[in-house]
Amino acid sequence: MSVFINICKVTLEEGFMYAILALGLYITYSILDFPDLSVDGTMPLGAIVTALLILRGVNPWICLLCSFFAGAFGGVITGALHVKLHIRPLLCGILVYTGLLSINLVLLYLFNQGTSIASFFRMPTIFNTGIGKLIPESIGGFYIRTLIVSFFMAMLCKILLDLYLKTKSGLLLQATGNNEQYVIMLAKDPGVSKIIGLALGNGFAALAGSVIAQSKGSADQQMGVGMVVLGLASVIVGLSVFKKIPKIKATTMVVLGSIVYKAVLSTALALGLPTEYLKLLMAVLFVVALVVSMKKEKHKRRPAA
Amino acid sequence: MILELNNVIKIFNEGTIDETVLFRNFNFSVNQGEFVSIIGSNGSGKTTMLNLICGSERAQEGRIFFEGKEITALSEYRRAAFIGRVFQDPKIGTCAGMTVLENMALADNKGQPFGLKFAINRKRIDYYRSLLEQCEMGLENRMHLKVGSLSGGQRQALALVIANMTKIKLLILDEHTAALDPKSSQTMMYLTDKLIQKHGITTLMVTHNLRYAVEYGNRLVMMHEGNIIKNLHEQEKKKTKVQDLLDTFNAISIESGNGV
Ligand SMILES: Nc1ncnc2c1ncn2[C@@H]1O[C@H](COP(=O)(O)OP(=O)(O)OP(=O)(O)O)[C@@H](O)[C@H]1O
Ligand SMILES: [Mg+2]
């Protein structure tokens, strides 16, 4: 029984942490209609920036912000490559990801005595300082701080994003993904809007990297592998599974999608799937989610007006 | 003179085997307050002329002036500050994935910064509703629906309202009634005329409907193969009938060797 509860708890923790990443991909993929692959690089960038700063004694809550901005900067590069140099979206993402592979390693080599993993076990993190400290460490033998802090972070991101999407800038971002010509007619440069969207999306990805690194107590380049697939799958699963619920917000669906996706993965692992197959399962689940959601769309589509 | 195109040269696919010279030394000017109906056969260059004016396409040579200032190098989105445009395709003038209200809130903010203030101002909703009521299409009861679920005619009416929400100096209409059924098309044309009269706005309207071209506007321009072959002002235009225009069309096609 307690094994089961523990699996549920870990699933929720991870679901919430990766939900932040999924929200980032929701911005670029769903709102902006921009398939952004740079996330595989900006997520570990956020993790590494946080690790290096924590090792130098910076407040872990401040580290969240630093990571966000580091990721946002990566997003600006992706956007600028597309908008200014007219490179295709997929290629822009691959280029920034490839560049970040080096940058992440260089950061680690320069500031972490040449090792490729930055560990900071037992250092202050968001899970044991600030509001993290106010939460009792465990209830009934279960360590709950991670769960509560990650829930708090996911909700904070979701609410901030919801608020942003209601602002003029947020609405313009939605219009940019919907119909670029409309943005032009509003006398606005859709290129600027795209860059803002990519900055936000990658900022969220790096923020997720920061939170995940703080929960593990270490950061490395490897963390980024498969993040695009994981994030997108959460978005697609969330948006198709929870569509029927009345009045539900898209951002809520994305957060729930992240949890469902993590739950499927942990169930598979609990049933004895060897970890080597995890990434393969991630990819297969992604395809299944995509196909199912496309089937639903097709049934719904009514003849053009 | 509000708009002037001077010695414009437009060549498509320059330097390839598909090279097409559309405009060679094209000149066109519009006076403040004019409502110009533009007609002409397919491929005569009407849309391209509008694209050059709006900045969605660049000419190889020539200069474009707006209110005396040169705008030849100004980007499309900057020109949109003073130009409103409605396309033939109702999908282009609105955002399908957003509600009528959201579309209008965005348009209402045109010309101002799109910052971190909330986009929808409740106090403006009654004003939006009054604008929609003028369309007489029941749009005022659909403000919270996604624009994608409206009919083509409703969407086009919304696009027209949106193009006129903030003060513009030039309205560009490219076959904006062509995708609508006869009834909606008529309503749309009536609405267009009403808006133009109300704001006294300079307008260029491309249409294939000769009746609209004759009935509406105070100047008529006919284009053919990149040239303006008819340019009728106020009094001359009033005397022109649909049959006269049809005759001209026939004369042209006989000349080009595909007469009836
Ligand atoms: N992007 C382009 N590439 C090549 N040729 C083009 C392009 N756009 C327009 N043309 C050519 O320029 C000519 C004028 O086209 P345009 O669209 O301006 O005509 P139009 O008068 O608007 O016609 P319609 O009544 O069919 O809308 C046509 O011969 C067309 O083939
Ligand atoms: Mg045309």
# chains A, B, ... in the order shown; residues from 1 in each chain; ligands from 1

$ residues_around --residues "region 191-197 of chain B" --least-positions-apart "4" --cutoff "9 Å" --atoms "only C-alpha atoms" --output "VMD selection string"
chain B and resid 35 134 to 135 157 160 to 161 164 171 186 to 187 201 to 203 216 to 217

$ write_last_selection --atoms "N, CA and C atoms" --output "PDB file, in the first residue's frame"
ATOM      1  N   PHE B  35     -13.922  57.948 -53.269  1.00  0.00           N
ATOM      2  CA  PHE B  35     -14.323  56.549 -53.114  1.00  0.00           C
ATOM      3  C   PHE B  35     -14.214  55.950 -54.515  1.00  0.00           C
ATOM      4  N   GLN B 134     -25.147  47.792 -35.963  1.00  0.00           N
ATOM      5  CA  GLN B 134     -25.273  48.420 -37.285  1.00  0.00           C
ATOM      6  C   GLN B 134     -25.223  47.411 -38.427  1.00  0.00           C
ATOM      7  N   CYS B 135     -24.584  46.266 -38.190  1.00  0.00           N
ATOM      8  CA  CYS B 135     -24.452  45.267 -39.258  1.00  0.00           C
ATOM      9  C   CYS B 135     -25.770  44.531 -39.503  1.00  0.00           C
ATOM     10  N   ALA B 157     -18.533  40.992 -42.229  1.00  0.00           N
ATOM     11  CA  ALA B 157     -19.089  42.215 -41.642  1.00  0.00           C
ATOM     12  C   ALA B 157     -18.243  42.629 -40.441  1.00  0.00           C
ATOM     13  N   LEU B 160     -15.056  44.198 -41.528  1.00  0.00           N
ATOM     14  CA  LEU B 160     -15.254  45.584 -41.984  1.00  0.00           C
ATOM     15  C   LEU B 160     -15.359  46.530 -40.789  1.00  0.00           C
ATOM     16  N   VAL B 161     -16.131  46.119 -39.789  1.00  0.00           N
ATOM     17  CA  VAL B 161     -16.262  46.936 -38.583  1.00  0.00           C
ATOM     18  C   VAL B 161     -14.893  47.122 -37.935  1.00  0.00           C
ATOM     19  N   ASN B 164     -12.493  49.526 -39.417  1.00  0.00           N
ATOM     20  CA  ASN B 164     -12.874  50.927 -39.225  1.00  0.00           C
ATOM     21  C   ASN B 164     -12.940  51.359 -37.762  1.00  0.00           C
ATOM     22  N   LEU B 171      -9.116  53.295 -46.798  1.00  0.00           N
ATOM     23  CA  LEU B 171      -9.737  51.979 -46.654  1.00  0.00           C
ATOM     24  C   LEU B 171      -9.545  51.214 -47.956  1.00  0.00           C
ATOM     25  N   GLN B 186     -25.207  42.141 -50.679  1.00  0.00           N
ATOM     26  CA  GLN B 186     -25.917  43.417 -50.755  1.00  0.00           C
ATOM     27  C   GLN B 186     -25.867  44.152 -49.407  1.00  0.00           C
ATOM     28  N   THR B 187     -26.120  43.395 -48.317  1.00  0.00           N
ATOM     29  CA  THR B 187     -26.062  43.975 -46.972  1.00  0.00           C
ATOM     30  C   THR B 187     -24.675  44.557 -46.708  1.00  0.00           C
ATOM     31  N   ILE B 201     -14.206  58.611 -45.386  1.00  0.00           N
ATOM     32  CA  ILE B 201     -12.889  58.025 -45.531  1.00  0.00           C
ATOM     33  C   ILE B 201     -12.543  57.726 -46.999  1.00  0.00           C
ATOM     34  N   THR B 202     -11.336  58.021 -47.396  1.00  0.00           N
ATOM     35  CA  THR B 202     -10.871  57.735 -48.755  1.00  0.00           C
ATOM     36  C   THR B 202     -10.820  56.214 -48.947  1.00  0.00           C
ATOM     37  N   THR B 203     -11.431  55.747 -50.042  1.00  0.00           N
ATOM     38  CA  THR B 203     -11.574  54.302 -50.211  1.00  0.00           C
ATOM     39  C   THR B 203     -11.197  53.821 -51.607  1.00  0.00           C
ATOM     40  N   TYR B 216     -21.932  52.652 -56.522  1.00  0.00           N
ATOM     41  CA  TYR B 216     -21.228  53.194 -55.364  1.00  0.00           C
ATOM     42  C   TYR B 216     -19.975  53.948 -55.777  1.00  0.00           C
ATOM     43  N   GLY B 217     -19.582  54.879 -54.946  1.00  0.00           N
ATOM     44  CA  GLY B 217     -18.329  55.594 -55.161  1.00  0.00           C
ATOM     45  C   GLY B 217     -18.491  56.799 -56.061  1.00  0.00           C
TER      46      GLY B 217
END

$ residues_around --residues "Asp108 (chain B)" --least-positions-apart "2" --cutoff "7 Å" --atoms "only C-alpha atoms" --output "list in words"
Met104, Ala105, Leu106, Lys110, Met165 and Thr166 of chain B

$ select_by_dssp --residues "region 16-159 of chain A" --states "strand (DSSP E)" --output "PyMOL selection string"
chain A and resi 117-119+138-139+142-143

$ write_last_selection --atoms "all heavy atoms" --output "mmCIF file, in the first residue's frame"
data_model
loop_
_atom_site.group_PDB
_atom_site.id
_atom_site.type_symbol
_atom_site.label_atom_id
_atom_site.label_comp_id
_atom_site.auth_asym_id
_atom_site.auth_seq_id
_atom_site.Cartn_x
_atom_site.Cartn_y
_atom_site.Cartn_z
ATOM 1 N N ILE A 117 28.654 17.277 -14.191
ATOM 2 C CA ILE A 117 27.450 17.314 -13.364
ATOM 3 C C ILE A 117 27.680 18.283 -12.215
ATOM 4 O O ILE A 117 28.721 18.230 -11.563
ATOM 5 C CB ILE A 117 27.117 15.923 -12.764
ATOM 6 C CG1 ILE A 117 26.750 14.956 -13.882
ATOM 7 C CG2 ILE A 117 25.981 16.020 -11.765
ATOM 8 C CD1 ILE A 117 26.236 13.633 -13.392
ATOM 9 N N ALA A 118 26.737 19.195 -12.013
ATOM 10 C CA ALA A 118 26.845 20.115 -10.883
ATOM 11 C C ALA A 118 25.948 19.603 -9.763
ATOM 12 O O ALA A 118 24.731 19.612 -9.895
ATOM 13 C CB ALA A 118 26.426 21.513 -11.296
ATOM 14 N N SER A 119 26.554 19.115 -8.674
ATOM 15 C CA SER A 119 25.755 18.598 -7.555
ATOM 16 C C SER A 119 25.735 19.597 -6.416
ATOM 17 O O SER A 119 26.742 20.216 -6.119
ATOM 18 C CB SER A 119 26.364 17.284 -7.035
ATOM 19 O OG SER A 119 26.516 16.399 -8.089
ATOM 20 N N SER A 138 7.032 16.055 6.807
ATOM 21 C CA SER A 138 6.327 14.850 6.382
ATOM 22 C C SER A 138 5.039 14.668 7.168
ATOM 23 O O SER A 138 4.883 15.191 8.270
ATOM 24 C CB SER A 138 7.215 13.622 6.556
ATOM 25 O OG SER A 138 7.615 13.529 7.900
ATOM 26 N N ILE A 139 4.104 13.960 6.544
ATOM 27 C CA ILE A 139 2.851 13.616 7.204
ATOM 28 C C ILE A 139 2.683 12.117 7.097
ATOM 29 O O ILE A 139 2.814 11.561 5.994
ATOM 30 C CB ILE A 139 1.650 14.326 6.532
ATOM 31 C CG1 ILE A 139 1.694 15.835 6.809
ATOM 32 C CG2 ILE A 139 0.331 13.734 7.041
ATOM 33 C CD1 ILE A 139 0.599 16.615 6.142
ATOM 34 N N PHE A 142 5.183 10.174 5.145
ATOM 35 C CA PHE A 142 5.467 10.536 3.747
ATOM 36 C C PHE A 142 6.060 11.932 3.675
ATOM 37 O O PHE A 142 5.515 12.878 4.241
ATOM 38 C CB PHE A 142 4.192 10.472 2.896
ATOM 39 C CG PHE A 142 3.706 9.080 2.711
ATOM 40 C CD1 PHE A 142 2.626 8.595 3.433
ATOM 41 C CD2 PHE A 142 4.346 8.235 1.802
ATOM 42 C CE1 PHE A 142 2.194 7.299 3.282
ATOM 43 C CE2 PHE A 142 3.907 6.941 1.634
ATOM 44 C CZ PHE A 142 2.821 6.477 2.382
ATOM 45 N N TYR A 143 7.142 12.032 2.985
ATOM 46 C CA TYR A 143 7.802 13.321 2.801
ATOM 47 C C TYR A 143 6.980 14.139 1.812
ATOM 48 O O TYR A 143 6.795 13.733 0.665
ATOM 49 C CB TYR A 143 9.216 13.060 2.274
ATOM 50 C CG TYR A 143 10.032 14.311 2.113
ATOM 51 C CD1 TYR A 143 10.679 14.883 3.214
ATOM 52 C CD2 TYR A 143 10.182 14.914 0.877
ATOM 53 C CE1 TYR A 143 11.431 16.030 3.085
ATOM 54 C CE2 TYR A 143 10.940 16.066 0.732
ATOM 55 C CZ TYR A 143 11.557 16.622 1.842
ATOM 56 O OH TYR A 143 12.287 17.758 1.698
#

$ residues_near_ligand --ligand "ligand 1" --cutoff "6 Å" --atoms "only C-alpha atoms and all ligand atoms" --output "PDB file with all heavy atoms, in the first residue's frame"
ATOM      1  N   PHE B  12       7.265  40.270 -61.774  1.00  0.00           N
ATOM      2  CA  PHE B  12       7.281  39.055 -60.958  1.00  0.00           C
ATOM      3  C   PHE B  12       8.347  38.100 -61.480  1.00  0.00           C
ATOM      4  O   PHE B  12       8.581  38.018 -62.689  1.00  0.00           O
ATOM      5  CB  PHE B  12       5.917  38.369 -61.001  1.00  0.00           C
ATOM      6  CG  PHE B  12       4.869  39.106 -60.204  1.00  0.00           C
ATOM      7  CD1 PHE B  12       3.857  39.799 -60.845  1.00  0.00           C
ATOM      8  CD2 PHE B  12       4.904  39.121 -58.824  1.00  0.00           C
ATOM      9  CE1 PHE B  12       2.894  40.481 -60.122  1.00  0.00           C
ATOM     10  CE2 PHE B  12       3.947  39.801 -58.094  1.00  0.00           C
ATOM     11  CZ  PHE B  12       2.939  40.485 -58.739  1.00  0.00           C
ATOM     12  N   LEU B  22       4.305  43.226 -64.960  1.00  0.00           N
ATOM     13  CA  LEU B  22       2.907  43.616 -64.780  1.00  0.00           C
ATOM     14  C   LEU B  22       2.756  45.122 -64.965  1.00  0.00           C
ATOM     15  O   LEU B  22       1.983  45.575 -65.802  1.00  0.00           O
ATOM     16  CB  LEU B  22       2.410  43.197 -63.395  1.00  0.00           C
ATOM     17  CG  LEU B  22       0.978  43.604 -63.067  1.00  0.00           C
ATOM     18  CD1 LEU B  22      -0.017  43.010 -64.061  1.00  0.00           C
ATOM     19  CD2 LEU B  22       0.610  43.159 -61.649  1.00  0.00           C
ATOM     20  N   SER B  41     -10.438  42.854 -65.685  1.00  0.00           N
ATOM     21  CA  SER B  41     -10.458  41.398 -65.821  1.00  0.00           C
ATOM     22  C   SER B  41      -9.452  40.734 -64.878  1.00  0.00           C
ATOM     23  O   SER B  41      -8.586  41.404 -64.315  1.00  0.00           O
ATOM     24  CB  SER B  41     -10.168  41.021 -67.269  1.00  0.00           C
ATOM     25  OG  SER B  41      -9.150  41.854 -67.769  1.00  0.00           O
ATOM     26  N   ASN B  42      -9.588  39.434 -64.742  1.00  0.00           N
ATOM     27  CA  ASN B  42      -8.672  38.670 -63.887  1.00  0.00           C
ATOM     28  C   ASN B  42      -7.234  38.886 -64.358  1.00  0.00           C
ATOM     29  O   ASN B  42      -6.964  38.861 -65.556  1.00  0.00           O
ATOM     30  CB  ASN B  42      -8.991  37.177 -63.945  1.00  0.00           C
ATOM     31  CG  ASN B  42     -10.348  36.872 -63.339  1.00  0.00           C
ATOM     32  OD1 ASN B  42     -11.187  36.262 -63.977  1.00  0.00           O
ATOM     33  ND2 ASN B  42     -10.569  37.327 -62.129  1.00  0.00           N
ATOM     34  N   GLY B  43      -6.366  39.098 -63.408  1.00  0.00           N
ATOM     35  CA  GLY B  43      -4.955  39.243 -63.764  1.00  0.00           C
ATOM     36  C   GLY B  43      -4.595  40.616 -64.295  1.00  0.00           C
ATOM     37  O   GLY B  43      -3.491  40.821 -64.802  1.00  0.00           O
ATOM     38  N   SER B  44      -5.496  41.588 -64.167  1.00  0.00           N
ATOM     39  CA  SER B  44      -5.182  42.913 -64.708  1.00  0.00           C
ATOM     40  C   SER B  44      -4.301  43.723 -63.744  1.00  0.00           C
ATOM     41  O   SER B  44      -3.809  44.780 -64.102  1.00  0.00           O
ATOM     42  CB  SER B  44      -6.468  43.672 -65.027  1.00  0.00           C
ATOM     43  OG  SER B  44      -7.281  43.747 -63.883  1.00  0.00           O
ATOM     44  N   GLY B  45      -4.123  43.227 -62.537  1.00  0.00           N
ATOM     45  CA  GLY B  45      -3.193  43.892 -61.616  1.00  0.00           C
ATOM     46  C   GLY B  45      -3.844  44.658 -60.485  1.00  0.00           C
ATOM     47  O   GLY B  45      -3.174  45.421 -59.789  1.00  0.00           O
ATOM     48  N   LYS B  46      -5.136  44.433 -60.251  1.00  0.00           N
ATOM     49  CA  LYS B  46      -5.842  45.174 -59.204  1.00  0.00           C
ATOM     50  C   LYS B  46      -5.276  44.843 -57.822  1.00  0.00           C
ATOM     51  O   LYS B  46      -4.917  45.740 -57.055  1.00  0.00           O
ATOM     52  CB  LYS B  46      -7.351  44.851 -59.246  1.00  0.00           C
ATOM     53  CG  LYS B  46      -7.986  45.116 -60.604  1.00  0.00           C
ATOM     54  CD  LYS B  46      -9.453  44.742 -60.653  1.00  0.00           C
ATOM     55  CE  LYS B  46      -9.761  43.275 -60.399  1.00  0.00           C
ATOM     56  NZ  LYS B  46      -9.261  42.337 -61.427  1.00  0.00           N
ATOM     57  N   THR B  47      -5.231  43.539 -57.519  1.00  0.00           N
ATOM     58  CA  THR B  47      -4.742  43.136 -56.196  1.00  0.00           C
ATOM     59  C   THR B  47      -3.287  43.553 -56.013  1.00  0.00           C
ATOM     60  O   THR B  47      -2.894  44.028 -54.941  1.00  0.00           O
ATOM     61  CB  THR B  47      -4.886  41.614 -56.025  1.00  0.00           C
ATOM     62  OG1 THR B  47      -6.270  41.283 -56.115  1.00  0.00           O
ATOM     63  CG2 THR B  47      -4.359  41.156 -54.688  1.00  0.00           C
ATOM     64  N   THR B  48      -2.498  43.400 -57.066  1.00  0.00           N
ATOM     65  CA  THR B  48      -1.087  43.779 -56.958  1.00  0.00           C
ATOM     66  C   THR B  48      -0.948  45.269 -56.660  1.00  0.00           C
ATOM     67  O   THR B  48      -0.123  45.662 -55.829  1.00  0.00           O
ATOM     68  CB  THR B  48      -0.346  43.416 -58.256  1.00  0.00           C
ATOM     69  OG1 THR B  48      -0.587  42.047 -58.542  1.00  0.00           O
ATOM     70  CG2 THR B  48       1.142  43.652 -58.118  1.00  0.00           C
TER      71      THR B  48
END

$ closest_residue --among "B:Glu61, B:Asp174, B:Asp126, B:Glu234" --to "ligand 2" --atoms "only C-alpha atoms and all ligand atoms"
B:Asp174

$ closest_residue --among "B:Lys241, B:Met143, B:Leu5, B:Thr207" --to "ligand 2" --atoms "only C-alpha atoms and all ligand atoms"
B:Thr207

$ closest_atom_pairs --of "chain B" --to "chain A" --cutoff "8 Å" --atoms "only C-alpha atoms" --output "CSV"
residue,atom,partner,partner_atom,distance
B:Glu76,CA,A:Ile184,CA,7.0
B:Tyr77,CA,A:Ala187,CA,4.5
B:Arg78,CA,A:Ala187,CA,5.5
B:Arg79,CA,A:Ala187,CA,7.2
B:Ala80,CA,A:Ala187,CA,4.9
B:Ala81,CA,A:Ala187,CA,5.0
B:Gly84,CA,A:Met185,CA,7.0
B:Arg85,CA,A:Met185,CA,7.4
B:Ile92,CA,A:Gln181,CA,6.6
B:Gly93,CA,A:Tyr182,CA,6.1
B:Thr94,CA,A:Tyr182,CA,6.3
B:Cys95,CA,A:Asn179,CA,5.9
B:Ala96,CA,A:Asn178,CA,6.9
B:Gly97,CA,A:Asn178,CA,6.4
B:Met98,CA,A:Ala175,CA,7.7
B:Glu102,CA,A:Leu171,CA,7.6
B:Leu106,CA,A:Lys168,CA,7.1
B:Ala107,CA,A:Leu186,CA,6.3
B:Lys110,CA,A:Leu186,CA,5.1
B:Gly111,CA,A:Ala187,CA,6.7
B:Phe114,CA,A:Ser169,CA,4.9
B:Gly115,CA,A:Ser169,CA,5.1
B:Leu116,CA,A:Thr167,CA,5.2
B:Lys117,CA,A:Thr167,CA,5.2
B:Phe118,CA,A:Thr167,CA,4.0
B:Ala119,CA,A:Lys168,CA,4.4
B:Ile120,CA,A:Lys166,CA,7.7
B:Leu150,CA,A:Ala305,CA,7.9
B:Ser151,CA,A:Ala305,CA,5.6
B:Gly152,CA,A:Ala305,CA,5.6

$ atom_distance --atom1 "CA of Met155 (chain A)" --atom2 "CA of Ala70 (chain A)"
21.6 Å

$ atom_distance --atom1 "CA of Ile236 (chain A)" --atom2 "CA of Tyr26 (chain A)"
8.9 Å

$ closest_residue --among "B:Asn51, B:Asn121, B:Thr72, B:Asn25" --to "ligand 2" --atoms "only C-alpha atoms and all ligand atoms"
B:Asn51

$ atom_distance --atom1 "CA of Ala199 (chain A)" --atom2 "CA of Thr78 (chain A)"
8.5 Å

$ residues_around --residues "Ile9 (chain B)" --least-positions-apart "4" --cutoff "8 Å" --atoms "only C-alpha atoms" --output "list in words"
Val21, Leu22, Phe23, Arg24, Asn25, Phe26, Ala59, Gln60, Glu61 and Gly62 of chain B

$ closest_residue --among "A:Ser218, A:His86, A:Ala72, A:Ile159" --to "Asn112 (chain A)" --atoms "only C-alpha atoms"
A:Ser218

$ select_by_dssp --residues "region 60-290 of chain A" --states "helix (DSSP H, G or I)" --output "number ranges by chain"
A: 60-85, 89-111, 131-134, 145-166, 168-178, 180-185, 190-216, 221-224, 227-241, 250-270, 275-290
